[in-house]
>>> print(open('work_21.txt').read())   # compact mmCIF, N, CA, C and O atoms
# COMPACT_ATOMS: atom_id res chain seq x y z
N MET L 1 138.01 194.79 -26.82
CA MET L 1 139.13 195.49 -26.22
C MET L 1 139.95 196.11 -27.35
O MET L 1 140.16 195.51 -28.39
N PHE L 2 140.44 197.30 -27.15
CA PHE L 2 141.24 197.97 -28.16
C PHE L 2 142.46 198.62 -27.50
O PHE L 2 142.46 198.90 -26.30
N PHE L 3 143.48 198.81 -28.32
CA PHE L 3 144.71 199.45 -27.87
C PHE L 3 144.89 200.74 -28.65
O PHE L 3 144.65 200.78 -29.85
N MET L 4 145.34 201.75 -27.97
CA MET L 4 145.71 203.00 -28.62
C MET L 4 147.22 203.06 -28.62
O MET L 4 147.84 203.22 -27.57
N MET L 5 147.80 202.87 -29.79
CA MET L 5 149.25 202.91 -29.88
C MET L 5 149.64 203.60 -31.17
O MET L 5 148.85 203.73 -32.10
N GLY L 6 150.86 204.09 -31.20
CA GLY L 6 151.33 204.78 -32.40
C GLY L 6 152.83 204.92 -32.39
O GLY L 6 153.50 204.79 -31.36
N ILE L 7 153.36 205.19 -33.57
CA ILE L 7 154.79 205.45 -33.74
C ILE L 7 154.93 206.87 -34.26
O ILE L 7 154.29 207.24 -35.24
N GLN L 8 155.74 207.65 -33.58
CA GLN L 8 155.92 209.05 -33.94
C GLN L 8 157.39 209.43 -33.84
O GLN L 8 158.19 208.73 -33.21
N GLN L 9 157.73 210.58 -34.45
CA GLN L 9 159.06 211.14 -34.32
C GLN L 9 158.99 212.38 -33.45
O GLN L 9 157.98 213.09 -33.45
N ALA L 10 160.07 212.64 -32.73
CA ALA L 10 160.11 213.79 -31.84
C ALA L 10 161.50 214.41 -31.88
O ALA L 10 162.48 213.79 -32.30
N GLN L 11 161.56 215.66 -31.44
CA GLN L 11 162.81 216.40 -31.36
C GLN L 11 162.88 217.03 -29.98
O GLN L 11 161.91 217.61 -29.51
N LYS L 12 164.05 216.90 -29.35
CA LYS L 12 164.23 217.43 -28.01
C LYS L 12 165.47 218.32 -27.98
O LYS L 12 166.54 217.92 -28.43
N GLU L 13 165.32 219.53 -27.47
CA GLU L 13 166.43 220.45 -27.30
C GLU L 13 167.18 220.06 -26.02
O GLU L 13 166.59 220.03 -24.94
N LEU L 14 168.45 219.72 -26.15
CA LEU L 14 169.24 219.33 -24.99
C LEU L 14 169.72 220.57 -24.23
O LEU L 14 169.79 221.67 -24.79
N ASN L 15 170.04 220.39 -22.98
CA ASN L 15 170.49 221.49 -22.13
C ASN L 15 171.96 221.78 -22.43
O ASN L 15 172.85 221.45 -21.66
N PHE L 16 172.21 222.40 -23.59
CA PHE L 16 173.57 222.72 -24.01
C PHE L 16 173.52 224.06 -24.73
O PHE L 16 172.81 224.21 -25.72
N ASP L 17 174.26 225.04 -24.25
CA ASP L 17 174.33 226.36 -24.86
C ASP L 17 175.75 226.88 -24.68
O ASP L 17 176.23 227.00 -23.56
N GLN L 18 176.40 227.16 -25.79
CA GLN L 18 177.79 227.63 -25.77
C GLN L 18 177.92 228.79 -26.74
O GLN L 18 177.46 228.71 -27.87
N THR L 19 178.54 229.87 -26.32
CA THR L 19 178.81 231.00 -27.19
C THR L 19 180.10 230.73 -27.95
O THR L 19 181.13 230.45 -27.35
N VAL L 20 180.03 230.83 -29.30
CA VAL L 20 181.17 230.50 -30.15
C VAL L 20 181.28 231.51 -31.28
O VAL L 20 180.34 232.23 -31.58
N VAL L 21 182.44 231.53 -31.92
CA VAL L 21 182.61 232.23 -33.18
C VAL L 21 182.33 231.20 -34.27
O VAL L 21 182.97 230.16 -34.34
N CYS L 22 181.36 231.50 -35.11
CA CYS L 22 180.90 230.55 -36.12
C CYS L 22 181.98 230.33 -37.18
O CYS L 22 182.49 231.28 -37.77
N PRO L 23 182.35 229.08 -37.46
CA PRO L 23 183.33 228.82 -38.51
C PRO L 23 182.77 229.05 -39.91
O PRO L 23 183.53 229.18 -40.86
N ALA L 24 181.45 229.11 -40.06
CA ALA L 24 180.85 229.30 -41.38
C ALA L 24 180.74 230.77 -41.77
O ALA L 24 181.04 231.15 -42.89
N CYS L 25 180.33 231.65 -40.82
CA CYS L 25 180.11 233.05 -41.18
C CYS L 25 181.02 234.02 -40.42
O CYS L 25 181.10 235.19 -40.78
N GLY L 26 181.71 233.58 -39.38
CA GLY L 26 182.65 234.42 -38.65
C GLY L 26 182.02 235.31 -37.60
O GLY L 26 182.71 236.14 -37.00
N ARG L 27 180.72 235.16 -37.32
CA ARG L 27 180.06 235.98 -36.30
C ARG L 27 179.88 235.18 -35.02
O ARG L 27 180.01 233.97 -35.00
N PHE L 28 179.58 235.93 -33.92
CA PHE L 28 179.27 235.26 -32.66
C PHE L 28 177.89 234.65 -32.74
O PHE L 28 176.97 235.22 -33.33
N GLY L 29 177.73 233.49 -32.13
CA GLY L 29 176.44 232.82 -32.09
C GLY L 29 176.42 231.81 -30.96
O GLY L 29 177.42 231.57 -30.29
N HIS L 30 175.26 231.24 -30.74
CA HIS L 30 175.10 230.21 -29.71
C HIS L 30 175.03 228.85 -30.38
O HIS L 30 174.31 228.65 -31.36
N LEU L 31 175.77 227.91 -29.84
CA LEU L 31 175.79 226.54 -30.32
C LEU L 31 174.78 225.75 -29.49
O LEU L 31 174.87 225.71 -28.27
N HIS L 32 173.78 225.17 -30.16
CA HIS L 32 172.75 224.37 -29.51
C HIS L 32 172.81 222.94 -30.03
O HIS L 32 173.17 222.71 -31.17
N VAL L 33 172.41 222.00 -29.18
CA VAL L 33 172.39 220.58 -29.56
C VAL L 33 170.97 220.06 -29.39
O VAL L 33 170.33 220.29 -28.35
N THR L 34 170.47 219.38 -30.43
CA THR L 34 169.15 218.77 -30.37
C THR L 34 169.26 217.27 -30.66
O THR L 34 170.20 216.82 -31.31
N MET L 35 168.29 216.53 -30.15
CA MET L 35 168.23 215.09 -30.36
C MET L 35 166.91 214.77 -31.05
O MET L 35 165.86 215.26 -30.64
N THR L 36 166.96 213.99 -32.11
CA THR L 36 165.74 213.49 -32.75
C THR L 36 165.67 211.98 -32.55
O THR L 36 166.70 211.30 -32.49
N TYR L 37 164.46 211.48 -32.42
CA TYR L 37 164.28 210.05 -32.18
C TYR L 37 162.88 209.63 -32.61
O TYR L 37 161.99 210.46 -32.82
N THR L 38 162.68 208.34 -32.75
CA THR L 38 161.39 207.75 -33.04
C THR L 38 160.96 206.97 -31.81
O THR L 38 161.80 206.33 -31.16
N TYR L 39 159.66 207.03 -31.49
CA TYR L 39 159.21 206.32 -30.30
C TYR L 39 157.86 205.65 -30.53
O TYR L 39 157.07 206.06 -31.37
N LEU L 40 157.64 204.60 -29.75
CA LEU L 40 156.39 203.86 -29.74
C LEU L 40 155.63 204.27 -28.49
O LEU L 40 156.19 204.25 -27.39
N SER L 41 154.39 204.67 -28.67
CA SER L 41 153.59 205.06 -27.51
C SER L 41 152.38 204.13 -27.38
O SER L 41 151.80 203.69 -28.38
N LEU L 42 152.03 203.83 -26.17
CA LEU L 42 150.88 202.99 -25.85
C LEU L 42 150.02 203.78 -24.89
O LEU L 42 150.47 204.15 -23.80
N PHE L 43 148.81 204.09 -25.30
CA PHE L 43 147.91 204.94 -24.52
C PHE L 43 148.58 206.28 -24.17
O PHE L 43 148.55 206.73 -23.04
N PHE L 44 149.23 206.88 -25.16
CA PHE L 44 149.88 208.19 -25.07
C PHE L 44 151.11 208.23 -24.15
O PHE L 44 151.61 209.29 -23.83
N LEU L 45 151.58 207.09 -23.72
CA LEU L 45 152.81 207.02 -22.92
C LEU L 45 153.92 206.44 -23.78
O LEU L 45 153.77 205.35 -24.34
N PRO L 46 155.07 207.14 -23.88
CA PRO L 46 156.17 206.59 -24.68
C PRO L 46 156.75 205.35 -24.01
O PRO L 46 157.12 205.36 -22.84
N ILE L 47 156.81 204.28 -24.77
CA ILE L 47 157.28 203.00 -24.24
C ILE L 47 158.71 202.70 -24.69
O ILE L 47 159.54 202.28 -23.89
N LEU L 48 159.00 202.91 -25.96
CA LEU L 48 160.29 202.51 -26.52
C LEU L 48 160.79 203.60 -27.45
O LEU L 48 160.04 204.11 -28.27
N LYS L 49 162.07 203.99 -27.30
CA LYS L 49 162.71 204.99 -28.17
C LYS L 49 163.82 204.31 -28.97
O LYS L 49 164.53 203.46 -28.44
N TRP L 50 163.96 204.71 -30.25
CA TRP L 50 165.04 204.19 -31.07
C TRP L 50 165.40 205.22 -32.13
O TRP L 50 164.68 206.19 -32.34
N GLY L 51 166.51 205.00 -32.80
CA GLY L 51 166.94 205.87 -33.88
C GLY L 51 167.36 207.26 -33.41
O GLY L 51 167.10 208.25 -34.08
N LYS L 52 168.02 207.34 -32.28
CA LYS L 52 168.44 208.65 -31.76
C LYS L 52 169.56 209.22 -32.62
O LYS L 52 170.52 208.53 -32.95
N ARG L 53 169.42 210.49 -33.01
CA ARG L 53 170.44 211.21 -33.77
C ARG L 53 170.61 212.57 -33.12
O ARG L 53 169.64 213.18 -32.66
N PHE L 54 171.84 213.05 -33.09
CA PHE L 54 172.17 214.30 -32.43
C PHE L 54 172.69 215.31 -33.45
O PHE L 54 173.50 214.96 -34.30
N TYR L 55 172.22 216.55 -33.34
CA TYR L 55 172.59 217.61 -34.27
C TYR L 55 173.03 218.85 -33.49
O TYR L 55 172.44 219.18 -32.47
N ALA L 56 174.05 219.53 -34.02
CA ALA L 56 174.49 220.81 -33.47
C ALA L 56 174.16 221.89 -34.48
O ALA L 56 174.32 221.69 -35.69
N SER L 57 173.69 223.04 -34.00
CA SER L 57 173.40 224.16 -34.89
C SER L 57 173.84 225.45 -34.22
O SER L 57 173.86 225.55 -33.00
N ILE L 58 174.18 226.43 -35.07
CA ILE L 58 174.63 227.73 -34.57
C ILE L 58 173.55 228.75 -34.91
O ILE L 58 173.03 228.78 -36.03
N SER L 59 173.24 229.61 -33.95
CA SER L 59 172.11 230.53 -34.09
C SER L 59 172.37 231.69 -35.05
O SER L 59 171.43 232.24 -35.60
N CYS L 60 173.61 232.06 -35.29
CA CYS L 60 173.89 233.26 -36.10
C CYS L 60 173.50 233.07 -37.55
O CYS L 60 172.87 233.93 -38.15
N CYS L 61 173.85 231.95 -38.16
CA CYS L 61 173.56 231.74 -39.58
C CYS L 61 172.79 230.46 -39.85
O CYS L 61 172.44 230.18 -40.99
N GLY L 62 172.54 229.66 -38.84
CA GLY L 62 171.78 228.44 -39.02
C GLY L 62 172.59 227.26 -39.51
O GLY L 62 172.02 226.24 -39.87
N ALA L 63 173.91 227.37 -39.56
CA ALA L 63 174.75 226.24 -39.99
C ALA L 63 174.60 225.10 -38.99
O ALA L 63 174.44 225.32 -37.79
N GLY L 64 174.65 223.87 -39.49
CA GLY L 64 174.47 222.73 -38.62
C GLY L 64 175.27 221.54 -39.06
O GLY L 64 175.81 221.49 -40.17
N CYS L 65 175.35 220.55 -38.18
CA CYS L 65 176.03 219.30 -38.49
C CYS L 65 175.49 218.19 -37.60
O CYS L 65 174.89 218.47 -36.55
N GLU L 66 175.69 216.97 -38.03
CA GLU L 66 175.31 215.82 -37.22
C GLU L 66 176.49 215.43 -36.34
O GLU L 66 177.64 215.41 -36.80
N LEU L 67 176.21 215.13 -35.10
CA LEU L 67 177.25 214.74 -34.14
C LEU L 67 177.40 213.22 -34.09
O LEU L 67 176.46 212.48 -34.41
N ASP L 68 178.56 212.79 -33.67
CA ASP L 68 178.80 211.37 -33.42
C ASP L 68 177.84 210.91 -32.32
O ASP L 68 177.64 211.63 -31.34
N PRO L 69 177.23 209.74 -32.44
CA PRO L 69 176.26 209.29 -31.43
C PRO L 69 176.85 209.21 -30.02
O PRO L 69 176.16 209.55 -29.05
N SER L 70 178.10 208.77 -29.87
CA SER L 70 178.68 208.69 -28.53
C SER L 70 178.88 210.09 -27.93
O SER L 70 178.68 210.29 -26.74
N LEU L 71 179.27 211.05 -28.76
CA LEU L 71 179.41 212.43 -28.30
C LEU L 71 178.06 213.00 -27.91
O LEU L 71 177.92 213.67 -26.88
N GLY L 72 177.03 212.72 -28.70
CA GLY L 72 175.69 213.19 -28.39
C GLY L 72 175.14 212.61 -27.10
O GLY L 72 174.52 213.31 -26.29
N ARG L 73 175.38 211.33 -26.87
CA ARG L 73 174.93 210.71 -25.62
C ARG L 73 175.65 211.31 -24.42
O ARG L 73 175.05 211.51 -23.36
N SER L 74 176.93 211.64 -24.57
CA SER L 74 177.68 212.28 -23.48
C SER L 74 177.12 213.66 -23.18
O SER L 74 177.03 214.07 -22.01
N ILE L 75 176.73 214.40 -24.21
CA ILE L 75 176.13 215.72 -23.99
C ILE L 75 174.78 215.57 -23.32
O ILE L 75 174.43 216.33 -22.41
N ALA L 76 173.99 214.58 -23.72
CA ALA L 76 172.67 214.36 -23.12
C ALA L 76 172.78 213.99 -21.65
O ALA L 76 171.92 214.38 -20.84
N ARG L 77 173.83 213.27 -21.27
CA ARG L 77 174.04 212.92 -19.87
C ARG L 77 174.65 214.05 -19.07
O ARG L 77 174.75 213.96 -17.85
N GLY L 78 175.11 215.12 -19.73
CA GLY L 78 175.70 216.25 -19.03
C GLY L 78 177.18 216.10 -18.76
O GLY L 78 177.75 216.85 -17.96
N GLU L 79 177.84 215.14 -19.40
CA GLU L 79 179.25 214.91 -19.18
C GLU L 79 180.13 215.90 -19.94
O GLU L 79 181.26 216.15 -19.55
N ILE L 80 179.64 216.43 -21.05
CA ILE L 80 180.40 217.38 -21.87
C ILE L 80 179.67 218.70 -21.88
O ILE L 80 178.47 218.75 -22.14
N ASP L 81 180.40 219.79 -21.59
CA ASP L 81 179.76 221.10 -21.60
C ASP L 81 180.43 222.08 -22.56
O ASP L 81 179.99 223.21 -22.68
N VAL L 82 181.49 221.65 -23.28
CA VAL L 82 182.18 222.52 -24.24
C VAL L 82 182.51 221.70 -25.49
O VAL L 82 183.04 220.60 -25.39
N LEU L 83 182.17 222.26 -26.66
CA LEU L 83 182.53 221.66 -27.95
C LEU L 83 183.42 222.62 -28.71
O LEU L 83 183.27 223.83 -28.58
N ASP L 84 184.33 222.09 -29.51
CA ASP L 84 185.17 222.92 -30.36
C ASP L 84 184.50 223.01 -31.74
O ASP L 84 184.47 222.03 -32.47
N PRO L 85 183.95 224.19 -32.10
CA PRO L 85 183.22 224.28 -33.38
C PRO L 85 184.12 224.12 -34.60
O PRO L 85 183.62 223.81 -35.69
N VAL L 86 185.42 224.30 -34.46
CA VAL L 86 186.33 224.17 -35.60
C VAL L 86 186.44 222.70 -36.02
O VAL L 86 186.57 222.41 -37.21
N THR L 87 186.35 221.78 -35.09
CA THR L 87 186.48 220.36 -35.41
C THR L 87 185.20 219.77 -35.99
O THR L 87 185.24 218.71 -36.60
N LEU L 88 184.07 220.46 -35.84
CA LEU L 88 182.80 219.97 -36.38
C LEU L 88 182.67 220.41 -37.83
O LEU L 88 183.15 221.45 -38.23
N GLN L 89 182.02 219.62 -38.64
CA GLN L 89 181.86 219.88 -40.08
C GLN L 89 180.52 220.55 -40.35
O GLN L 89 179.57 219.92 -40.78
N PHE L 90 180.43 221.87 -40.11
CA PHE L 90 179.18 222.60 -40.32
C PHE L 90 178.92 222.80 -41.80
O PHE L 90 179.82 223.10 -42.58
N THR L 91 177.67 222.64 -42.20
CA THR L 91 177.25 222.86 -43.58
C THR L 91 176.03 223.75 -43.59
O THR L 91 175.32 223.88 -42.59
N GLY L 92 175.76 224.34 -44.73
CA GLY L 92 174.58 225.18 -44.89
C GLY L 92 174.73 226.50 -44.18
O GLY L 92 175.84 226.98 -43.95
N GLY L 93 173.64 227.07 -43.85
CA GLY L 93 173.64 228.35 -43.16
C GLY L 93 173.54 229.51 -44.12
O GLY L 93 173.73 229.38 -45.32
N ARG L 94 173.20 230.66 -43.59
CA ARG L 94 173.09 231.88 -44.38
C ARG L 94 174.38 232.67 -44.22
O ARG L 94 175.08 232.57 -43.23
N ASN L 95 174.68 233.50 -45.16
CA ASN L 95 175.81 234.43 -45.10
C ASN L 95 177.15 233.73 -44.90
O ASN L 95 177.97 234.16 -44.10
N VAL L 96 177.38 232.64 -45.59
CA VAL L 96 178.65 231.93 -45.50
C VAL L 96 179.71 232.72 -46.26
O VAL L 96 179.48 233.18 -47.37
N ARG L 97 180.88 232.89 -45.64
CA ARG L 97 181.97 233.62 -46.30
C ARG L 97 182.45 232.85 -47.52
O ARG L 97 182.65 231.64 -47.46
N HIS L 98 182.63 233.59 -48.62
CA HIS L 98 183.02 232.96 -49.87
C HIS L 98 183.91 233.93 -50.64
O HIS L 98 183.49 235.04 -50.94
N CYS L 99 185.13 233.51 -50.95
CA CYS L 99 186.06 234.37 -51.71
C CYS L 99 185.76 234.24 -53.21
O CYS L 99 185.78 233.13 -53.75
N ARG L 100 185.49 235.36 -53.83
CA ARG L 100 185.20 235.34 -55.28
C ARG L 100 186.45 235.09 -56.10
O ARG L 100 186.40 234.61 -57.22
N GLY L 101 187.62 235.44 -55.57
CA GLY L 101 188.87 235.29 -56.32
C GLY L 101 189.35 233.86 -56.42
O GLY L 101 189.72 233.39 -57.50
N CYS L 102 189.33 233.14 -55.30
CA CYS L 102 189.89 231.79 -55.31
C CYS L 102 188.84 230.70 -55.04
O CYS L 102 189.18 229.53 -54.97
N ASP L 103 187.57 231.08 -54.86
CA ASP L 103 186.47 230.16 -54.62
C ASP L 103 186.62 229.41 -53.30
O ASP L 103 186.14 228.30 -53.13
N TYR L 104 187.30 230.03 -52.32
CA TYR L 104 187.48 229.43 -50.99
C TYR L 104 186.26 229.72 -50.13
O TYR L 104 185.75 230.84 -50.11
N THR L 105 185.75 228.71 -49.43
CA THR L 105 184.61 228.94 -48.53
C THR L 105 185.05 228.85 -47.10
O THR L 105 186.01 228.21 -46.76
>>> encode(input="work_21.txt", output="structure tokens")
Amino acid sequence: MFFMMGIQQAQKELNFDQTVVCPACGRFGHLHVTMTYTYLSLFFLPILKWGKRFYASISCCGAGCELDPSLGRSIARGEIDVLDPVTLQFTGGRNVRHCRGCDYT
């Protein structure tokens, strides 16, 4: 007798789409939320999920940040449908505004 089991990582796009002005580049973009997790599968059926992490990203420049787990779970359940992008700490992205005079980003 043998068992087919494995541990894998997956990413799921949550049902969240909000049009925002990007705090990183100043353009309009869509704010999307994704969830990453690790799961154990037995005969190709996912049995157990752990290590859930939630990320927000903006489509205009690709800036992103990690969300608080409780906030991410609320978004996954559909309880929250609006986020304030100014309160989130976005990093990275292309075309980030940068002042050459005072080095302000």
>>> closest_atom_pairs(input="work_21.txt", of="stretch 40-103 of chain L", to="stretch 11-29 of chain L", cutoff="8 Å", atoms="all atoms listed in the file", output="JSON lines")
{"residue": "L:Arg53", "atom": "O", "partner": "L:Lys12", "partner_atom": "O", "distance": 7.1}
{"residue": "L:Phe54", "atom": "CA", "partner": "L:Lys12", "partner_atom": "O", "distance": 7.8}
{"residue": "L:Tyr55", "atom": "O", "partner": "L:Lys12", "partner_atom": "O", "distance": 7.3}
{"residue": "L:Ser57", "atom": "O", "partner": "L:Gln18", "partner_atom": "O", "distance": 7.0}
{"residue": "L:Ile58", "atom": "C", "partner": "L:Gly29", "partner_atom": "CA", "distance": 5.7}
{"residue": "L:Ser59", "atom": "N", "partner": "L:Gly29", "partner_atom": "C", "distance": 4.9}
{"residue": "L:Cys60", "atom": "N", "partner": "L:Gly29", "partner_atom": "CA", "distance": 4.3}
{"residue": "L:Cys61", "atom": "N", "partner": "L:Phe28", "partner_atom": "O", "distance": 6.6}
{"residue": "L:Ala63", "atom": "CA", "partner": "L:Ala24", "partner_atom": "CA", "distance": 7.0}
{"residue": "L:Ile75", "atom": "O", "partner": "L:Asn15", "partner_atom": "O", "distance": 5.4}
{"residue": "L:Ala76", "atom": "CA", "partner": "L:Leu14", "partner_atom": "CA", "distance": 6.3}
{"residue": "L:Gly78", "atom": "CA", "partner": "L:Asn15", "partner_atom": "O", "distance": 6.5}
{"residue": "L:Ile80", "atom": "O", "partner": "L:Asn15", "partner_atom": "O", "distance": 6.3}
{"residue": "L:Asp81", "atom": "O", "partner": "L:Asp17", "partner_atom": "O", "distance": 5.4}
{"residue": "L:Val82", "atom": "CA", "partner": "L:Gln18", "partner_atom": "CA", "distance": 6.9}
{"residue": "L:Leu83", "atom": "N", "partner": "L:Gln18", "partner_atom": "CA", "distance": 7.0}
{"residue": "L:Asp84", "atom": "C", "partner": "L:Val21", "partner_atom": "O", "distance": 7.8}
{"residue": "L:Pro85", "atom": "O", "partner": "L:Pro23", "partner_atom": "N", "distance": 5.7}
{"residue": "L:Val86", "atom": "CA", "partner": "L:Pro23", "partner_atom": "CA", "distance": 6.3}
{"residue": "L:Leu88", "atom": "O", "partner": "L:Pro23", "partner_atom": "CA", "distance": 7.4}
{"residue": "L:Phe90", "atom": "O", "partner": "L:Ala24", "partner_atom": "CA", "distance": 6.4}
{"residue": "L:Thr91", "atom": "N", "partner": "L:Ala24", "partner_atom": "CA", "distance": 7.4}
{"residue": "L:Gly92", "atom": "O", "partner": "L:Ala24", "partner_atom": "CA", "distance": 6.1}
{"residue": "L:Gly93", "atom": "CA", "partner": "L:Ala24", "partner_atom": "CA", "distance": 7.5}
{"residue": "L:Arg94", "atom": "O", "partner": "L:Cys25", "partner_atom": "CA", "distance": 5.5}
{"residue": "L:Asn95", "atom": "O", "partner": "L:Cys25", "partner_atom": "CA", "distance": 3.8}
{"residue": "L:Val96", "atom": "CA", "partner": "L:Ala24", "partner_atom": "O", "distance": 3.6}
{"residue": "L:Arg97", "atom": "N", "partner": "L:Ala24", "partner_atom": "O", "distance": 3.3}
{"residue": "L:His98", "atom": "N", "partner": "L:Ala24", "partner_atom": "O", "distance": 6.4}
>>> select_by_dssp(input="work_21.txt", residues="chain L", states="strand (DSSP E or B)", output="number ranges by chain")
L: 5-21, 28-42, 45-58, 64-66, 91
>>> atom_distance(input="work_21.txt", atom1="atom N of L:Gly6", atom2="atom C of L:Phe44")
8.2 Å
>>> axis_aligned_box(input="work_21.txt", around="stretch 48-60 of chain L", padding_each_side="5 Å", output="lines of an AutoDock Vina configuration file")
center_x = 166.8
center_y = 218.2
center_z = -32.1
size_x = 25.6
size_y = 41.4
size_z = 22.2
>>> select_by_dssp(input="work_21.txt", residues="chain L", states="helix (DSSP H, G or I)", output="list in words")
Pro69, Ser70, Leu71, Gly72, Arg73, Ser74, Ile75, Ala76 and Arg77 of chain L
>>> atom_distance(input="work_21.txt", atom1="atom O of L:Tyr39", atom2="atom N of L:Phe3")
15.7 Å
>>> atom_distance(input="work_21.txt", atom1="atom O of L:Cys65", atom2="atom CA of L:Gly51")
15.1 Å
>>> residues_around(input="work_21.txt", residues="stretch 40-42 of chain L", least_positions_apart="3", cutoff="6 Å", atoms="only N, CA, C and O atoms", output="MDAnalysis selection string")
chainID L and resid 4:8 45:49
>>> closest_residue(input="work_21.txt", among="L:Asp68, L:Thr87, L:Phe2, L:Ala56", to="L:His32", atoms="all atoms listed in the file")
L:Ala56
>>> residues_around(input="work_21.txt", residues="L:Lys52", least_positions_apart="5", cutoff="8 Å", atoms="all atoms listed in the file", output="number ranges by chain")
L: 10, 34-38, 67-69
